[in-house]
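A.B. asks: Below you'll find upload.txt; it's compact mmCIF, C-alpha atoms.
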```txt
# COMPACT_ATOMS: atom_id res chain seq x y z
CA MET A 1226 97.97 86.23 115.65
CA SER A 1227 96.41 83.17 114.06
CA HIS A 1228 98.64 80.72 112.24
CA ASP A 1229 98.65 81.26 108.47
CA PRO A 1230 101.43 79.42 106.58
CA ALA A 1231 100.87 81.77 103.61
CA ALA A 1232 102.16 84.66 105.78
CA ALA A 1233 105.58 82.96 106.05
CA LEU A 1234 105.43 82.28 102.29
CA ALA A 1235 104.75 85.99 101.64
CA GLU A 1236 107.84 86.90 103.66
CA SER A 1237 109.93 84.65 101.40
CA VAL A 1238 108.29 86.19 98.31
CA ARG A 1239 109.33 89.66 99.60
CA HIS A 1240 112.96 88.52 99.47
CA LEU A 1241 112.37 87.07 95.99
CA ILE A 1242 110.95 90.41 94.75
CA ASP A 1243 114.12 92.10 96.02
CA ALA A 1244 116.34 89.43 94.43
CA THR A 1245 114.55 89.76 91.06
CA ILE A 1246 115.32 93.48 90.96
CA ARG A 1247 118.97 93.14 91.98
CA THR A 1248 120.10 89.86 90.40
CA LEU A 1249 123.07 89.73 88.06
CA ALA A 1250 122.73 85.97 87.56
CA ASP A 1251 123.17 84.62 84.04
CA GLU A 1252 120.20 84.12 81.74
CA GLU A 1253 120.14 80.34 82.27
CA THR A 1254 119.85 80.71 86.07
CA ILE A 1255 117.14 83.36 85.75
CA THR A 1256 115.12 81.35 83.23
CA ALA A 1257 115.33 78.19 85.37
CA ALA A 1258 114.09 80.24 88.36
CA ARG A 1259 111.19 81.53 86.29
CA HIS A 1260 110.08 78.03 85.29
CA GLN A 1261 110.26 76.84 88.91
CA ILE A 1262 108.21 79.83 90.08
CA ASP A 1263 105.56 79.25 87.42
CA ALA A 1264 105.22 75.64 88.63
CA ILE A 1265 104.89 76.81 92.26
CA THR A 1266 102.20 79.34 91.25
CA THR A 1267 100.25 76.57 89.49
CA ARG A 1268 100.35 74.38 92.63
CA LEU A 1269 99.35 77.26 94.92
CA THR A 1270 96.37 78.27 92.78
CA ALA A 1271 94.98 74.75 92.27
CA ASP A 1272 92.77 75.60 95.27
CA ALA A 1273 92.48 79.35 95.81
CA ILE A 1274 90.12 82.19 96.71
CA PRO A 1275 88.79 83.56 93.40
CA GLY A 1276 89.78 87.10 92.37
CA TRP A 1277 91.16 88.71 95.53
CA TYR A 1278 91.38 88.14 99.25
CA GLY A 1279 88.46 90.32 100.31
CA VAL A 1280 87.24 89.35 103.77
CA GLN A 1281 87.87 85.77 104.86
CA HIS A 1282 86.36 84.26 107.96
CA GLY A 1283 87.94 80.79 107.96
CA ASP A 1284 90.21 79.43 110.67
CA GLY A 1285 93.64 81.04 110.53
CA MET A 1286 92.53 83.59 107.92
CA PRO A 1287 92.97 87.08 109.40
CA PRO A 1288 90.62 89.63 107.80
CA ALA A 1289 93.18 92.13 106.45
CA ALA A 1290 95.78 89.56 105.32
CA GLY A 1291 95.47 90.66 101.68
CA ASN A 1292 95.89 94.39 102.36
CA VAL A 1293 98.64 96.02 100.28
CA VAL A 1294 100.03 97.96 103.28
CA ILE A 1295 99.53 95.72 106.32
CA GLY A 1296 98.57 92.31 104.87
CA ALA A 1297 100.71 89.40 106.10
CA ARG A 1298 99.86 87.38 102.95
CA ASN A 1299 100.58 90.27 100.57
CA ALA A 1300 104.25 90.33 99.51
CA ILE A 1301 103.81 93.88 98.17
CA ALA A 1302 103.04 95.02 101.75
CA VAL A 1303 106.03 96.02 103.91
CA PRO A 1304 103.97 94.93 105.99
CA LEU A 1305 103.47 97.82 108.40
CA THR A 1306 102.50 97.21 112.02
CA VAL A 1307 100.64 100.35 113.10
CA GLU A 1308 100.52 100.87 116.87
CA GLN A 1309 98.21 103.01 118.95
CA ARG A 1310 99.98 105.53 121.17
CA ASP A 1311 98.76 106.59 124.59
CA ASP A 1312 98.01 110.09 123.28
CA GLY A 1313 95.55 108.67 120.71
CA GLY A 1314 97.96 108.94 117.77
CA VAL A 1315 99.41 106.05 115.78
CA VAL A 1316 103.00 105.21 114.86
CA THR A 1317 104.88 102.63 112.80
CA ASP A 1318 108.61 102.07 112.29
CA PHE A 1319 109.90 100.42 109.12
CA THR A 1320 112.66 100.31 106.52
CA LEU A 1321 112.09 100.16 102.77
CA GLY A 1322 114.33 98.30 100.32
CA ALA A 1323 114.81 97.97 96.56
CA GLY A 1324 111.15 97.17 95.91
CA TYR A 1325 109.99 100.70 96.78
CA GLU A 1326 112.43 102.73 94.71
CA GLY A 1327 111.54 105.86 92.73
CA PRO A 1328 114.44 108.32 92.29
CA ALA A 1329 117.73 106.36 92.51
CA GLY A 1330 118.38 105.38 96.13
CA HIS A 1331 115.16 106.94 97.37
CA VAL A 1332 111.63 105.89 98.19
CA HIS A 1333 109.10 106.67 95.43
CA GLY A 1334 107.05 109.72 96.47
CA GLY A 1335 103.89 107.77 95.71
CA ILE A 1336 104.93 105.04 98.17
CA CYS A 1337 105.20 107.76 100.83
CA ALA A 1338 101.64 108.80 99.87
CA LEU A 1339 100.45 105.16 100.09
CA ILE A 1340 101.92 104.75 103.57
CA LEU A 1341 100.60 108.12 104.78
CA ASP A 1342 97.11 107.40 103.42
CA HIS A 1343 97.07 104.17 105.40
CA VAL A 1344 98.61 105.52 108.61
CA LEU A 1345 96.39 108.63 108.67
CA GLY A 1346 93.39 106.34 108.16
CA ALA A 1347 94.56 104.13 111.03
CA ALA A 1348 94.43 107.16 113.35
CA VAL A 1349 90.71 107.52 112.52
CA HIS A 1350 89.51 103.91 112.35
CA GLN A 1351 87.23 102.68 115.08
CA PRO A 1352 86.69 98.96 115.72
CA GLY A 1353 84.23 97.63 113.15
CA ARG A 1354 83.89 101.10 111.64
CA PRO A 1355 86.58 101.78 109.04
CA ALA A 1356 86.99 105.33 107.77
CA VAL A 1357 87.57 106.17 104.12
CA THR A 1358 89.82 108.87 102.73
CA GLY A 1359 88.00 111.93 101.39
CA THR A 1360 91.02 114.11 100.56
CA LEU A 1361 94.72 113.52 101.12
CA THR A 1362 97.35 116.24 100.69
CA VAL A 1363 100.99 115.23 100.72
CA ARG A 1364 103.88 117.74 100.92
CA TYR A 1365 107.36 116.53 100.04
CA ARG A 1366 110.03 118.26 102.15
CA ARG A 1367 113.12 116.23 101.26
CA PRO A 1368 113.97 112.85 99.67
CA THR A 1369 113.11 109.76 101.76
CA PRO A 1370 116.05 107.32 101.81
CA LEU A 1371 115.90 103.59 101.05
CA GLY A 1372 117.58 101.21 103.52
CA ARG A 1373 117.30 103.56 106.53
CA PRO A 1374 114.94 103.39 109.51
CA LEU A 1375 111.80 105.44 108.88
CA ARG A 1376 108.89 106.37 111.11
CA ALA A 1377 105.34 107.24 110.03
CA GLU A 1378 102.95 108.76 112.53
CA ALA A 1379 99.54 110.41 112.53
CA ARG A 1380 97.04 111.99 114.89
CA ILE A 1381 93.55 113.44 114.73
CA ARG A 1382 93.60 117.25 114.67
CA ASP A 1383 89.88 117.96 114.67
CA SER A 1384 86.48 116.65 113.66
CA GLU A 1385 83.35 118.31 112.34
CA GLY A 1386 80.17 116.40 111.54
CA SER A 1387 81.12 113.32 109.52
CA LYS A 1388 84.61 114.68 108.72
CA THR A 1389 87.74 113.91 110.69
CA PHE A 1390 90.86 116.01 110.06
CA VAL A 1391 94.13 114.13 110.46
CA GLU A 1392 97.79 115.07 110.12
CA GLY A 1393 100.88 112.92 109.88
CA SER A 1394 104.40 112.57 108.58
CA ILE A 1395 107.24 110.30 107.56
CA SER A 1396 110.58 111.04 109.17
CA HIS A 1397 114.12 109.72 109.17
CA GLY A 1398 116.29 110.27 112.25
CA GLY A 1399 113.90 112.94 113.50
CA ASP A 1400 113.86 114.93 110.23
CA VAL A 1401 110.48 115.05 108.51
CA THR A 1402 110.74 114.04 104.84
CA VAL A 1403 107.03 114.07 103.93
CA GLU A 1404 104.00 115.66 105.63
CA ALA A 1405 100.34 114.89 105.03
CA ASP A 1406 96.90 116.24 105.89
CA GLY A 1407 93.80 114.16 105.36
CA ILE A 1408 90.05 114.50 105.61
CA PHE A 1409 88.49 111.14 106.44
CA LEU A 1410 84.83 110.14 106.37
CA PHE A 1411 82.76 107.43 108.01
CA PRO A 1412 80.55 106.01 105.27
CA LYS A 1413 76.85 105.76 106.21
CA ARG A 1414 75.98 102.15 106.99
CA MET B 118 113.28 97.53 74.69
CA SER B 119 116.54 95.85 75.58
CA HIS B 120 116.50 92.20 76.53
CA ASP B 121 116.47 91.64 80.29
CA PRO B 122 115.63 88.07 81.40
CA ALA B 123 114.85 89.43 84.90
CA ALA B 124 111.87 91.31 83.41
CA ALA B 125 110.24 87.99 82.44
CA LEU B 126 111.12 86.64 85.89
CA ALA B 127 109.40 89.66 87.52
CA GLU B 128 106.24 88.92 85.52
CA SER B 129 106.23 85.38 86.95
CA VAL B 130 106.82 86.79 90.46
CA ARG B 131 103.73 89.04 90.00
CA HIS B 132 101.63 85.90 89.50
CA LEU B 133 103.31 84.32 92.55
CA ILE B 134 102.42 87.38 94.70
CA ASP B 135 98.80 86.97 93.61
CA ALA B 136 98.88 83.21 94.29
CA THR B 137 100.36 83.73 97.78
CA ILE B 138 97.46 86.00 98.73
CA ARG B 139 94.75 83.73 97.33
CA THR B 140 96.06 80.20 97.94
CA LEU B 141 94.02 77.67 99.90
CA ALA B 142 96.68 74.96 99.47
CA ASP B 143 97.49 72.81 102.50
CA GLU B 144 100.32 73.71 104.85
CA GLU B 145 102.67 71.07 103.41
CA THR B 146 102.32 72.47 99.87
CA ILE B 147 102.81 76.06 101.08
CA THR B 148 105.86 75.20 103.19
CA ALA B 149 107.46 73.26 100.31
CA ALA B 150 106.89 76.28 98.05
CA ARG B 151 108.54 78.54 100.62
CA HIS B 152 111.67 76.37 100.82
CA GLN B 153 111.93 76.28 97.02
CA ILE B 154 111.56 80.06 96.81
CA ASP B 155 114.23 80.62 99.49
CA ALA B 156 116.63 78.46 97.44
CA ILE B 157 115.84 80.43 94.26
CA THR B 158 116.45 83.73 96.10
CA THR B 159 119.83 82.46 97.28
CA ARG B 160 120.83 81.54 93.70
CA LEU B 161 119.62 84.88 92.29
CA THR B 162 121.51 86.95 94.87
CA ALA B 163 124.83 85.08 94.61
CA ASP B 164 125.75 87.82 92.12
CA ALA B 165 123.59 90.93 92.57
CA ILE B 166 123.57 94.72 92.62
CA PRO B 167 124.04 95.74 96.26
CA GLY B 168 121.17 97.49 98.05
CA TRP B 169 118.82 98.61 95.30
CA TYR B 170 118.67 98.98 91.54
CA GLY B 171 119.48 102.70 91.32
CA VAL B 172 120.72 103.59 87.86
CA GLN B 173 122.36 100.82 85.85
CA HIS B 174 124.18 101.40 82.61
CA GLY B 175 125.12 97.85 81.60
CA ASP B 176 123.96 96.09 78.45
CA GLY B 177 120.30 95.12 78.68
CA MET B 178 119.81 97.05 81.93
CA PRO B 179 117.17 99.73 81.33
CA PRO B 180 117.55 102.69 83.73
CA ALA B 181 114.12 102.63 85.41
CA ALA B 182 113.81 98.81 85.65
CA GLY B 183 113.69 98.91 89.45
CA ASN B 184 110.99 101.59 89.68
CA VAL B 185 108.02 100.58 91.86
CA VAL B 186 105.46 101.89 89.34
CA ILE B 187 106.96 101.29 85.89
CA GLY B 188 109.96 99.00 86.52
CA ALA B 189 110.01 95.83 84.42
CA ARG B 190 112.20 94.07 87.03
CA ASN B 191 110.06 95.17 89.97
CA ALA B 192 107.27 92.65 90.69
CA ILE B 193 105.52 95.24 92.90
CA ALA B 194 105.09 97.45 89.81
CA VAL B 195 101.96 96.88 87.70
CA PRO B 196 104.04 97.85 85.61
CA LEU B 197 102.42 100.91 84.05
CA THR B 198 103.22 101.98 80.49
CA VAL B 199 102.63 105.74 80.40
CA GLU B 200 102.05 107.13 76.92
CA GLN B 201 102.35 110.68 75.64
CA ARG B 202 99.21 112.00 73.99
CA ASP B 203 99.19 114.38 71.04
CA ASP B 204 97.70 117.13 73.23
CA GLY B 205 100.70 116.96 75.58
CA GLY B 206 98.97 114.94 78.27
CA VAL B 207 99.80 111.39 79.33
CA VAL B 208 97.62 108.30 79.69
CA THR B 209 97.93 104.71 80.88
CA ASP B 210 95.43 101.84 80.90
CA PHE B 211 95.73 99.02 83.44
CA THR B 212 93.89 96.57 85.67
CA LEU B 213 94.77 95.89 89.31
CA GLY B 214 94.37 92.50 91.00
CA ALA B 215 94.55 91.03 94.50
CA GLY B 216 97.95 92.55 95.25
CA TYR B 217 96.60 96.11 95.38
CA GLU B 218 93.60 95.58 97.68
CA GLY B 219 92.52 97.95 100.45
CA PRO B 220 88.78 97.86 101.23
CA ALA B 221 87.42 94.44 100.22
CA GLY B 222 87.20 94.18 96.44
CA HIS B 223 88.63 97.65 95.90
CA VAL B 224 91.96 99.30 95.17
CA HIS B 225 93.68 100.76 98.27
CA GLY B 226 93.28 104.55 98.21
CA GLY B 227 97.02 104.89 98.73
CA ILE B 228 97.69 102.83 95.59
CA CYS B 229 95.57 105.34 93.67
CA ALA B 230 97.76 108.09 95.18
CA LEU B 231 100.93 106.19 94.17
CA ILE B 232 99.74 105.83 90.58
CA LEU B 233 98.56 109.45 90.36
CA ASP B 234 101.85 110.76 91.80
CA HIS B 235 103.73 108.87 89.10
CA VAL B 236 101.39 109.72 86.20
CA LEU B 237 101.17 113.42 87.11
CA GLY B 238 104.98 113.45 87.31
CA ALA B 239 105.19 111.82 83.88
CA ALA B 240 103.20 114.72 82.42
CA VAL B 241 105.93 117.09 83.63
CA HIS B 242 109.15 115.11 83.01
CA GLN B 243 111.44 116.31 80.28
CA PRO B 244 114.13 114.07 78.76
CA GLY B 245 117.08 113.98 81.14
CA ARG B 246 115.33 116.39 83.50
CA PRO B 247 113.03 114.56 85.91
CA ALA B 248 110.59 116.61 88.00
CA VAL B 249 109.96 115.95 91.67
CA THR B 250 106.65 116.21 93.48
CA GLY B 251 106.28 119.26 95.71
CA THR B 252 102.66 118.81 96.78
CA LEU B 253 100.09 116.20 95.76
CA THR B 254 96.39 116.49 96.62
CA VAL B 255 94.19 113.48 96.01
CA ARG B 256 90.37 113.59 96.20
CA TYR B 257 88.49 110.30 96.42
CA ARG B 258 85.14 110.44 94.58
CA ARG B 259 84.08 106.79 94.66
CA PRO B 260 85.67 103.36 95.27
CA THR B 261 88.07 102.13 92.56
CA PRO B 262 87.32 98.50 91.65
CA LEU B 263 89.82 95.64 91.46
CA GLY B 264 89.77 93.44 88.36
CA ARG B 265 88.27 96.10 86.05
CA PRO B 266 89.94 98.18 83.34
CA LEU B 267 91.17 101.51 84.74
CA ARG B 268 92.66 104.58 83.10
CA ALA B 269 94.95 107.16 84.66
CA GLU B 270 95.64 110.40 82.86
CA ALA B 271 97.26 113.75 83.56
CA ARG B 272 98.01 117.05 81.91
CA ILE B 273 99.86 120.25 82.73
CA ARG B 274 97.45 123.03 83.72
CA ASP B 275 99.87 125.89 84.24
CA SER B 276 103.43 126.78 85.19
CA GLU B 277 104.95 129.63 87.15
CA GLY B 278 108.68 129.99 87.72
CA SER B 279 110.03 126.62 88.82
CA LYS B 280 106.54 125.27 89.62
CA THR B 281 104.42 123.23 87.26
CA PHE B 282 100.75 122.69 88.11
CA VAL B 283 99.34 119.35 86.97
CA GLU B 284 95.94 117.70 87.21
CA GLY B 285 94.91 114.11 86.63
CA SER B 286 92.50 111.34 87.47
CA ILE B 287 91.80 107.63 87.64
CA SER B 288 88.61 106.50 85.96
CA HIS B 289 86.68 103.32 85.31
CA GLY B 290 84.36 103.13 82.30
CA GLY B 291 84.46 106.92 81.96
CA ASP B 292 83.53 107.61 85.62
CA VAL B 293 86.24 109.37 87.61
CA THR B 294 86.98 107.54 90.88
CA VAL B 295 89.93 109.65 92.09
CA GLU B 296 91.15 113.13 91.12
CA ALA B 297 94.52 114.69 91.83
CA ASP B 298 96.29 118.05 91.65
CA GLY B 299 100.03 118.30 91.91
CA ILE B 300 102.71 120.95 92.09
CA PHE B 301 105.95 119.64 90.59
CA LEU B 302 109.41 121.17 90.75
CA PHE B 303 112.56 120.89 88.68
CA PRO B 304 115.43 120.52 91.16
CA LYS B 305 118.36 122.85 90.55
CA ARG B 306 121.24 120.95 88.96
```
What do you get writing this file as structure tokens?
C.D. replies:
Amino acid sequence: MSHDPAAALAESVRHLIDATIRTLADEETITAARHQIDAITTRLTADAIPGWYGVQHGDGMPPAAGNVVIGARNAIAVPLTVEQRDDGGVVTDFTLGAGYEGPAGHVHGGICALILDHVLGAAVHQPGRPAVTGTLTVRYRRPTPLGRPLRAEARIRDSEGSKTFVEGSISHGGDVTVEADGIFLFPKR
Amino acid sequence: MSHDPAAALAESVRHLIDATIRTLADEETITAARHQIDAITTRLTADAIPGWYGVQHGDGMPPAAGNVVIGARNAIAVPLTVEQRDDGGVVTDFTLGAGYEGPAGHVHGGICALILDHVLGAAVHQPGRPAVTGTLTVRYRRPTPLGRPLRAEARIRDSEGSKTFVEGSISHGGDVTVEADGIFLFPKR
């Protein structure tokens, strides 16, 4: 992994996102924090990539660092570390906190869909040849808890022409909470 | 809208998330920012709700403030403002920046799924009786651009017993980029 100081900054911003949701500090403390953060943002953006991260090729600038699921610079990202398994599938273990809440105490169903879209895609990707999602179907079996260890996994089921059929799930302690099926495509170059 | 100073703080944190992704500041500036942010997080969490936001009933604490899609306190949230239309459907207009990137310059497909899950659900919700997603199917028609005005909308198509069938889309300038169908359920009380 190349050295990117903004990745360590993003990790601190993840804790700040969590603190902003949960704080019971008085208004004076919160307002002072806001002014400090605005000043930091101004300093950080004095020299910045315009618009969005995109693809960066500079020294210490990993290509997917801005990605909302796996990007080390993106404080919205968990970030997930998706690993290849020997059987060709992919797996990632993670825990989600206050920032990903939908129903009280539970992960937002759409966050489960976001993670499954990414992890199913990771089962299809080939080096230098990213796949895109054609159709994703997500079935919710039971609520997915916040603050507990979760696992997302996916594997290719079949392929036919330009289509690859993938299946995956999110589980907690061995119980599947959400299942997904996806059809992924390799865009023509 | 009740007054919650943490909502204004979250808006500043959204800009900080964006700055962290895009910054080209030198390592000294970034590291100094990180130390300042860690100190702010410590002050904000000296008195805080444990774990996650959940449902809060205190003065100035709106119930969904922690929600990852619409929560005013949640810096991960856009946040979306979903409006009821006269025809019974729902609609929300928004623009997504660097924090929501998947393919370079485009919204992550899973973020489209997150937004559609929430907006389709909003078409079904009844006051005091939230619906949960049973199945969500998302079809990707074309890439969804970052930095451009987007619209998400949804409407109930049919209902049968405890199931409500909903359809919706994300569009840009009138062109649909992503379509979704959902089956939503009202949990037994």
A.B. asks: Can you tell me, as number ranges by chain, what residues are no more than 8 Å from Ala239 in chain B when counting only C-alpha atoms, ignoring any on the same chain fewer than 4 positions away?
C.D. replies: B: 199, 207, 235
A.B. asks: Which residues, written as a PyMOL selection string, have at least one atom at most 6 Å from range 1393-1409 of chain A, with only C-alpha atoms counted and residues fewer than 5 positions away on the same chain left out?
C.D. replies: chain A and resi 1357-1367+1369+1375-1379+1388
A.B. asks: Set the cut-off to 6 Å and count only C-alpha atoms: what are the residues of chain A that reach chain B? Output as a CSV table (one decimal) with C-alpha atoms, in the coordinates of the input.
C.D. replies:
```
chain,number,residue,atom,x,y,z
A,1234,LEU,CA,105.4,82.3,102.3
A,1241,LEU,CA,112.4,87.1,96.0
A,1242,ILE,CA,111.0,90.4,94.8
A,1244,ALA,CA,116.3,89.4,94.4
A,1246,ILE,CA,115.3,93.5,91.0
A,1247,ARG,CA,119.0,93.1,92.0
A,1248,THR,CA,120.1,89.9,90.4
A,1249,LEU,CA,123.1,89.7,88.1
A,1250,ALA,CA,122.7,86.0,87.6
A,1259,ARG,CA,111.2,81.5,86.3
A,1266,THR,CA,102.2,79.3,91.2
A,1269,LEU,CA,99.4,77.3,94.9
A,1270,THR,CA,96.4,78.3,92.8
A,1272,ASP,CA,92.8,75.6,95.3
A,1273,ALA,CA,92.5,79.4,95.8
A,1274,ILE,CA,90.1,82.2,96.7
A,1277,TRP,CA,91.2,88.7,95.5
A,1278,TYR,CA,91.4,88.1,99.2
A,1279,GLY,CA,88.5,90.3,100.3
A,1291,GLY,CA,95.5,90.7,101.7
A,1292,ASN,CA,95.9,94.4,102.4
A,1293,VAL,CA,98.6,96.0,100.3
A,1298,ARG,CA,99.9,87.4,103.0
A,1299,ASN,CA,100.6,90.3,100.6
A,1300,ALA,CA,104.2,90.3,99.5
A,1301,ILE,CA,103.8,93.9,98.2
A,1323,ALA,CA,114.8,98.0,96.6
A,1325,TYR,CA,110.0,100.7,96.8
A,1326,GLU,CA,112.4,102.7,94.7
A,1327,GLY,CA,111.5,105.9,92.7
A,1329,ALA,CA,117.7,106.4,92.5
A,1330,GLY,CA,118.4,105.4,96.1
A,1335,GLY,CA,103.9,107.8,95.7
A,1336,ILE,CA,104.9,105.0,98.2
A,1339,LEU,CA,100.4,105.2,100.1
A,1342,ASP,CA,97.1,107.4,103.4
A,1359,GLY,CA,88.0,111.9,101.4
A,1360,THR,CA,91.0,114.1,100.6
A,1361,LEU,CA,94.7,113.5,101.1
A,1362,THR,CA,97.4,116.2,100.7
A,1363,VAL,CA,101.0,115.2,100.7
A,1364,ARG,CA,103.9,117.7,100.9
A,1365,TYR,CA,107.4,116.5,100.0
```
A.B. asks: Tell me, in Å to one decimal, how far CA of Thr1317 in chain A is from CA of Gly1386 in chain A.
C.D. replies: 28.3 Å
A.B. asks: Using CA of Val236 in chain B and CA of Val208 in chain B as the two end points, give the distance in Å to one decimal.
C.D. replies: 7.7 Å
A.B. asks: Work out how far apart CA of Arg265 in chain B and CA of Thr198 in chain B are and give it in Å to one decimal.
C.D. replies: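 Computed distance, CA of Arg265 in chain B to CA of Thr198 in chain B, equals 17.0 Å.
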